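File shown: entry-v1.tsv. Contents: TSV, N, CA and C atoms.
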chain	number	residue	atom	x	y	z
A	1	PHE	N	0.83	-1.20	0.00
A	1	PHE	CA	0.00	0.00	0.00
A	1	PHE	C	0.87	1.26	0.00
A	2	LYS	N	1.86	1.33	0.86
A	2	LYS	CA	2.72	2.51	0.93
A	2	LYS	C	3.54	2.68	-0.34
A	3	VAL	N	4.00	1.57	-0.91
A	3	VAL	CA	4.78	1.66	-2.14
A	3	VAL	C	3.91	2.20	-3.26
A	4	ARG	N	2.71	1.70	-3.38
A	4	ARG	CA	1.81	2.16	-4.44
A	4	ARG	C	1.51	3.64	-4.27
A	5	ASN	N	1.24	4.08	-3.06
A	5	ASN	CA	0.95	5.49	-2.83
A	5	ASN	C	2.17	6.37	-3.08
A	6	PHE	N	3.35	5.83	-2.78
A	6	PHE	CA	4.56	6.61	-3.04
A	6	PHE	C	4.67	6.93	-4.52
A	7	PHE	N	4.44	5.96	-5.36
A	7	PHE	CA	4.56	6.19	-6.79
A	7	PHE	C	3.38	6.96	-7.36
A	8	ALA	N	2.22	6.83	-6.74
A	8	ALA	CA	1.03	7.53	-7.23
A	8	ALA	C	1.01	8.99	-6.80
A	9	ALA	N	1.81	9.35	-5.82
A	9	ALA	CA	1.75	10.71	-5.28
A	9	ALA	C	2.90	11.57	-5.78
A	10	TYR	N	3.20	11.49	-7.07
A	10	TYR	CA	4.28	12.32	-7.59
A	10	TYR	C	3.82	13.78	-7.65
A	11	PRO	N	4.73	14.71	-7.41
A	11	PRO	CA	4.34	16.12	-7.39
A	11	PRO	C	4.01	16.62	-8.80
A	12	MET	N	2.98	17.44	-8.88
A	12	MET	CA	2.57	18.00	-10.16
A	12	MET	C	2.37	19.50	-9.96
A	13	THR	N	2.99	20.28	-10.78
A	13	THR	CA	2.90	21.73	-10.65
A	13	THR	C	2.08	22.28	-11.81
A	14	PHE	N	1.08	23.07	-11.47
A	14	PHE	CA	0.26	23.71	-12.49
A	14	PHE	C	0.58	25.19	-12.53
A	15	LYS	N	0.65	25.75	-13.73
A	15	LYS	CA	0.88	27.18	-13.89
A	15	LYS	C	-0.41	27.84	-14.34
A	16	PHE	N	-0.70	28.99	-13.78
A	16	PHE	CA	-1.87	29.75	-14.16
A	16	PHE	C	-1.42	31.12	-14.65
A	17	ASP	N	-0.54	31.10	-15.65
A	17	ASP	CA	-0.05	32.35	-16.23
A	17	ASP	C	-1.17	33.03	-17.01
A	18	GLU	N	-1.03	34.32	-17.18
A	18	GLU	CA	-2.01	35.08	-17.93
A	18	GLU	C	-1.82	34.82	-19.43
A	19	VAL	N	-2.93	34.52	-20.10
A	19	VAL	CA	-2.92	34.35	-21.55
A	19	VAL	C	-3.32	35.68	-22.14
A	20	SER	N	-2.48	36.23	-23.01
A	20	SER	CA	-2.68	37.60	-23.46
A	20	SER	C	-3.64	37.75	-24.64
A	21	VAL	N	-3.79	36.75	-25.46
A	21	VAL	CA	-4.66	36.87	-26.64
A	21	VAL	C	-6.04	36.29	-26.31
A	22	LYS	N	-7.06	37.14	-26.42
A	22	LYS	CA	-8.42	36.70	-26.10
A	22	LYS	C	-8.92	35.76	-27.20
A	23	PRO	N	-9.30	34.53	-26.83
A	23	PRO	CA	-9.82	33.60	-27.84
A	23	PRO	C	-11.19	34.03	-28.33
A	24	LYS	N	-11.51	33.66	-29.55
A	24	LYS	CA	-12.83	33.94	-30.12
A	24	LYS	C	-13.38	32.63	-30.66
A	25	TYR	N	-14.60	32.30	-30.22
A	25	TYR	CA	-15.22	31.06	-30.66
A	25	TYR	C	-16.71	31.13	-30.37
A	26	THR	N	-17.51	30.51	-31.21
A	26	THR	CA	-18.95	30.43	-31.01
A	26	THR	C	-19.32	28.97	-30.77
A	27	PHE	N	-19.94	28.71	-29.63
A	27	PHE	CA	-20.35	27.36	-29.26
A	27	PHE	C	-21.79	27.11	-29.68
A	28	ASN	N	-22.02	25.99	-30.35
A	28	ASN	CA	-23.34	25.66	-30.86
A	28	ASN	C	-23.94	24.39	-30.29
A	29	LYS	N	-23.19	23.70	-29.42
A	29	LYS	CA	-23.70	22.45	-28.85
A	29	LYS	C	-23.24	22.29	-27.41
A	30	ASN	N	-23.95	21.45	-26.68
A	30	ASN	CA	-23.59	21.15	-25.30
A	30	ASN	C	-22.32	20.30	-25.27
A	31	LEU	N	-21.54	20.47	-24.21
A	31	LEU	CA	-20.31	19.70	-24.03
A	31	LEU	C	-20.35	19.06	-22.65
A	32	ALA	N	-19.91	17.80	-22.56
A	32	ALA	CA	-19.98	17.09	-21.29
A	32	ALA	C	-18.76	16.18	-21.11
A	33	PHE	N	-18.58	15.74	-19.88
A	33	PHE	CA	-17.47	14.87	-19.50
A	33	PHE	C	-17.41	13.64	-20.42
A	34	GLY	N	-16.19	13.33	-20.85
A	34	GLY	CA	-15.98	12.15	-21.69
A	34	GLY	C	-16.01	12.41	-23.18
A	35	MET	N	-16.46	13.60	-23.59
A	35	MET	CA	-16.54	13.93	-25.01
A	35	MET	C	-15.16	14.21	-25.59
A	36	THR	N	-15.04	13.93	-26.88
A	36	THR	CA	-13.88	14.35	-27.66
A	36	THR	C	-14.43	15.16	-28.82
A	37	ASP	N	-14.08	16.44	-28.87
A	37	ASP	CA	-14.67	17.33	-29.86
A	37	ASP	C	-13.78	18.56	-30.02
A	38	PRO	N	-13.67	19.14	-31.22
A	38	PRO	CA	-12.88	20.37	-31.39
A	38	PRO	C	-13.39	21.53	-30.53
A	39	ASP	N	-14.69	21.54	-30.22
A	39	ASP	CA	-15.24	22.59	-29.36
A	39	ASP	C	-14.61	22.55	-27.97
A	40	VAL	N	-14.23	21.36	-27.51
A	40	VAL	CA	-13.62	21.22	-26.19
A	40	VAL	C	-12.27	21.91	-26.16
A	41	LYS	N	-11.51	21.81	-27.22
A	41	LYS	CA	-10.21	22.49	-27.30
A	41	LYS	C	-10.40	24.00	-27.20
A	42	ALA	N	-11.39	24.53	-27.89
A	42	ALA	CA	-11.68	25.96	-27.81
A	42	ALA	C	-12.11	26.34	-26.39
A	43	LEU	N	-12.92	25.50	-25.77
A	43	LEU	CA	-13.34	25.73	-24.39
A	43	LEU	C	-12.14	25.78	-23.46
A	44	GLN	N	-11.21	24.84	-23.62
A	44	GLN	CA	-10.01	24.82	-22.78
A	44	GLN	C	-9.17	26.08	-22.97
A	45	ASP	N	-9.06	26.56	-24.20
A	45	ASP	CA	-8.32	27.80	-24.44
A	45	ASP	C	-8.98	28.98	-23.73
A	46	ILE	N	-10.30	29.01	-23.74
A	46	ILE	CA	-11.04	30.08	-23.05
A	46	ILE	C	-10.84	29.97	-21.54
A	47	LEU	N	-10.90	28.76	-21.02
A	47	LEU	CA	-10.71	28.58	-19.58
A	47	LEU	C	-9.31	28.99	-19.15
A	48	LYS	N	-8.33	28.77	-19.99
A	48	LYS	CA	-6.97	29.23	-19.71
A	48	LYS	C	-6.93	30.76	-19.72
A	49	TYR	N	-7.59	31.38	-20.67
A	49	TYR	CA	-7.64	32.84	-20.74
A	49	TYR	C	-8.30	33.41	-19.48
A	50	GLU	N	-9.33	32.73	-19.00
A	50	GLU	CA	-10.04	33.16	-17.79
A	50	GLU	C	-9.20	32.95	-16.53
A	51	GLY	N	-8.11	32.18	-16.63
A	51	GLY	CA	-7.29	31.88	-15.47
A	51	GLY	C	-7.83	30.76	-14.62
A	52	LEU	N	-8.72	29.95	-15.20
A	52	LEU	CA	-9.38	28.88	-14.47
A	52	LEU	C	-8.82	27.50	-14.79
A	53	MET	N	-7.92	27.45	-15.75
A	53	MET	CA	-7.30	26.18	-16.13
A	53	MET	C	-5.80	26.42	-16.27
A	54	ALA	N	-5.02	25.46	-15.85
A	54	ALA	CA	-3.57	25.60	-15.88
A	54	ALA	C	-3.08	25.82	-17.31
A	55	THR	N	-2.14	26.73	-17.47
A	55	THR	CA	-1.63	27.04	-18.80
A	55	THR	C	-0.53	26.10	-19.26
A	56	ASN	N	0.03	25.32	-18.35
A	56	ASN	CA	1.08	24.38	-18.76
A	56	ASN	C	0.53	23.00	-19.09
A	57	ILE	N	-0.78	22.90	-19.20
A	57	ILE	CA	-1.43	21.67	-19.65
A	57	ILE	C	-1.87	21.93	-21.09
A	58	GLU	N	-1.55	21.01	-21.98
A	58	GLU	CA	-1.89	21.19	-23.38
A	58	GLU	C	-3.41	21.12	-23.59
A	59	SER	N	-3.93	22.02	-24.41
A	59	SER	CA	-5.34	21.96	-24.78
A	59	SER	C	-5.53	20.79	-25.74
A	60	THR	N	-6.43	19.92	-25.38
A	60	THR	CA	-6.75	18.77	-26.23
A	60	THR	C	-8.21	18.89	-26.62
A	61	SER	N	-8.74	17.91	-27.24
A	61	SER	CA	-10.15	17.93	-27.56
A	61	SER	C	-10.92	16.98	-26.65
A	62	TYR	N	-10.30	16.57	-25.54
A	62	TYR	CA	-10.94	15.64	-24.61
A	62	TYR	C	-11.45	16.37	-23.37
A	63	TYR	N	-12.70	16.15	-23.02
A	63	TYR	CA	-13.34	16.77	-21.86
A	63	TYR	C	-13.17	15.82	-20.67
A	64	GLY	N	-12.09	16.02	-19.92
A	64	GLY	CA	-11.80	15.17	-18.77
A	64	GLY	C	-12.05	15.88	-17.46
A	65	SER	N	-11.47	15.34	-16.40
A	65	SER	CA	-11.74	15.86	-15.06
A	65	SER	C	-11.17	17.27	-14.84
A	66	ILE	N	-10.03	17.58	-15.44
A	66	ILE	CA	-9.46	18.92	-15.28
A	66	ILE	C	-10.36	19.95	-15.97
A	67	THR	N	-10.85	19.61	-17.15
A	67	THR	CA	-11.77	20.51	-17.87
A	67	THR	C	-13.06	20.68	-17.08
A	68	ARG	N	-13.59	19.58	-16.55
A	68	ARG	CA	-14.83	19.67	-15.77
A	68	ARG	C	-14.66	20.57	-14.55
A	69	ALA	N	-13.55	20.44	-13.84
A	69	ALA	CA	-13.30	21.29	-12.67
A	69	ALA	C	-13.18	22.75	-13.07
A	70	SER	N	-12.56	23.01	-14.21
A	70	SER	CA	-12.42	24.38	-14.70
A	70	SER	C	-13.76	24.96	-15.12
A	71	VAL	N	-14.62	24.14	-15.71
A	71	VAL	CA	-15.97	24.58	-16.10
A	71	VAL	C	-16.78	24.91	-14.85
A	72	VAL	N	-16.66	24.10	-13.80
A	72	VAL	CA	-17.35	24.39	-12.54
A	72	VAL	C	-16.90	25.75	-12.00
A	73	ALA	N	-15.60	26.02	-12.07
A	73	ALA	CA	-15.07	27.32	-11.61
A	73	ALA	C	-15.63	28.46	-12.45
A	74	PHE	N	-15.72	28.26	-13.77
A	74	PHE	CA	-16.30	29.27	-14.67
A	74	PHE	C	-17.77	29.52	-14.32
A	75	GLN	N	-18.50	28.44	-14.12
A	75	GLN	CA	-19.93	28.57	-13.80
A	75	GLN	C	-20.12	29.28	-12.46
A	76	THR	N	-19.30	28.97	-11.49
A	76	THR	CA	-19.39	29.63	-10.19
A	76	THR	C	-19.07	31.12	-10.32
A	77	LYS	N	-18.05	31.43	-11.10
A	77	LYS	CA	-17.62	32.82	-11.30
A	77	LYS	C	-18.74	33.67	-11.90
A	78	TYR	N	-19.52	33.09	-12.81
A	78	TYR	CA	-20.57	33.85	-13.51
A	78	TYR	C	-21.98	33.56	-13.00
A	79	GLY	N	-22.10	32.93	-11.84
A	79	GLY	CA	-23.41	32.73	-11.23
A	79	GLY	C	-24.29	31.73	-11.94
A	80	ILE	N	-23.68	30.76	-12.58
A	80	ILE	CA	-24.42	29.69	-13.26
A	80	ILE	C	-24.36	28.46	-12.37
A	81	ASP	N	-25.45	27.69	-12.36
A	81	ASP	CA	-25.50	26.47	-11.56
A	81	ASP	C	-24.31	25.57	-11.94
A	82	PRO	N	-23.39	25.29	-11.00
A	82	PRO	CA	-22.15	24.57	-11.33
A	82	PRO	C	-22.35	23.06	-11.54
A	83	LEU	N	-22.78	22.69	-12.72
A	83	LEU	CA	-23.03	21.30	-13.05
A	83	LEU	C	-21.81	20.60	-13.64
A	84	GLY	N	-20.84	21.37	-14.12
A	84	GLY	CA	-19.64	20.77	-14.69
A	84	GLY	C	-19.77	20.39	-16.14
A	85	MET	N	-20.88	20.71	-16.76
A	85	MET	CA	-21.05	20.50	-18.20
A	85	MET	C	-21.43	21.81	-18.85
A	86	VAL	N	-21.17	21.94	-20.13
A	86	VAL	CA	-21.53	23.16	-20.85
A	86	VAL	C	-22.91	22.94	-21.45
A	87	GLY	N	-23.91	23.47	-20.77
A	87	GLY	CA	-25.28	23.40	-21.24
A	87	GLY	C	-25.71	24.74	-21.81
A	88	PRO	N	-27.00	24.96	-21.98
A	88	PRO	CA	-27.49	26.19	-22.61
A	88	PRO	C	-27.06	27.48	-21.90
A	89	GLN	N	-27.12	27.52	-20.57
A	89	GLN	CA	-26.75	28.74	-19.84
A	89	GLN	C	-25.26	29.03	-19.96
A	90	THR	N	-24.44	28.02	-19.78
A	90	THR	CA	-22.99	28.21	-19.87
A	90	THR	C	-22.60	28.56	-21.30
A	91	ARG	N	-23.22	27.90	-22.25
A	91	ARG	CA	-22.93	28.17	-23.67
A	91	ARG	C	-23.31	29.61	-24.01
A	92	ALA	N	-24.44	30.08	-23.51
A	92	ALA	CA	-24.87	31.46	-23.77
A	92	ALA	C	-23.86	32.46	-23.18
A	93	LYS	N	-23.36	32.19	-21.98
A	93	LYS	CA	-22.38	33.09	-21.36
A	93	LYS	C	-21.06	33.06	-22.12
A	94	LEU	N	-20.62	31.87	-22.53
A	94	LEU	CA	-19.41	31.77	-23.32
A	94	LEU	C	-19.53	32.55	-24.63
A	95	ASN	N	-20.67	32.40	-25.31
A	95	ASN	CA	-20.89	33.11	-26.57
A	95	ASN	C	-20.99	34.62	-26.37
A	96	GLU	N	-21.59	35.03	-25.24
A	96	GLU	CA	-21.66	36.46	-24.93
A	96	GLU	C	-20.27	37.07	-24.78
A	97	LEU	N	-19.39	36.34	-24.11
A	97	LEU	CA	-18.05	36.84	-23.84
A	97	LEU	C	-17.04	36.62	-24.95
A	98	TYR	N	-17.19	35.53	-25.72
A	98	TYR	CA	-16.13	35.12	-26.64
A	98	TYR	C	-16.55	34.87	-28.07
A	99	SER	N	-17.79	35.12	-28.41
A	99	SER	CA	-18.22	34.88	-29.79
A	99	SER	C	-17.46	35.80	-30.74
A	100	GLY	N	-16.91	35.20	-31.79
A	100	GLY	CA	-16.08	35.96	-32.71
A	100	GLY	C	-16.82	36.33	-33.92
Kindly return the structure encoded in the file as structure tokens.
Amino acid sequence: FKVRNFFAAYPMTFKFDEVSVKPKYTFNKNLAFGMTDPDVKALQDILKYEGLMATNIESTSYYGSITRASVVAFQTKYGIDPLGMVGPQTRAKLNELYSG
């Protein structure tokens, strides 16, 4: 047990540097945990710009646990029910702020 935890508990450092270029994207569909979609990559770039997702993690098109936690932080920041998925309310707020 201790050996397994020793190897599983490696230190991980996340950077939350400021992203200087404001992303522009229009979201047209809901996004949820487990999805792989180009919209997720755009969402991750926006979350990095907002300072809610670590900047030293590569933006992928996979909606995993880090993305879900960042979406919850975004929803909390803007007074949206923090469900962890991008539904109609979150999508509307994202489009209001970042639609290009």
When you look at region 30-40 of chain A with a cut-off of 7 Å (counting only N, CA and C atoms), what residues show up, excluding the ones that are within fewer than 5 positions of it in the same chain? I need them as an NGL selection string.
:A and (45 or 59-65 or 68 or 84-88)
Mind checking which residues fall within 9 Å of region 71-78 of chain A, counting only C-alpha atoms, ignoring those fewer than 5 positions away in the same chain, and posting them as a list in words?
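Non-adjacent residues within range: Leu43, Gln44, Leu47, Glu50, Leu52, Met53, Ile66, Leu83, Gly84, Met85, Val86, Thr90 and Lys93 of chain A.
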Please measure the separation of atom C of Ile46 (chain A) and CA of Lys24 (chain A), giving the value in Å to one decimal.
9.7 Å
Can you pull out every residue from chain A that DSSP, working from the backbone, puts in helix (DSSP H, G or I), and format the result as a PyMOL selection string?
chain A and resi 2-8+38-49+65-77+88-98
Could you tell me how far CA of Asn56 (chain A) sits from CA of Lys29 (chain A), in Å to one decimal place?
26.8 Å
Between atom C of Tyr49 (chain A) and atom C of Asn28 (chain A), what distance in Å does the model show, to one decimal?
21.0 Å
When you count only N, CA and C atoms, which of these residues is closest to Ser70 (chain A): A:Gly51, A:Ser20, A:Ser99, A:Ala92?
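Smallest distance to Ser70 (chain A) is found for A:Gly51.
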Expected answer as a list in words: strand (DSSP E or B) residues in region 18-88 of chain A
Leu31, Thr36, Tyr62 and Val86 of chain A
Please write the residues from the selection above to a file, keeping N, CA and C atoms, as a tab-separated table (two decimals), in the frame of the given file.
chain	number	residue	atom	x	y	z
A	31	LEU	N	-21.54	20.47	-24.21
A	31	LEU	CA	-20.31	19.70	-24.03
A	31	LEU	C	-20.35	19.06	-22.65
A	36	THR	N	-15.04	13.93	-26.88
A	36	THR	CA	-13.88	14.35	-27.66
A	36	THR	C	-14.43	15.16	-28.82
A	62	TYR	N	-10.30	16.57	-25.54
A	62	TYR	CA	-10.94	15.64	-24.61
A	62	TYR	C	-11.45	16.37	-23.37
A	86	VAL	N	-21.17	21.94	-20.13
A	86	VAL	CA	-21.53	23.16	-20.85
A	86	VAL	C	-22.91	22.94	-21.45
Local residues around (-18.2, 40.4, -31.5), at most 12 Å away, using only C-alpha atoms, as a ChimeraX atom specification:
/A:22-26,94-100
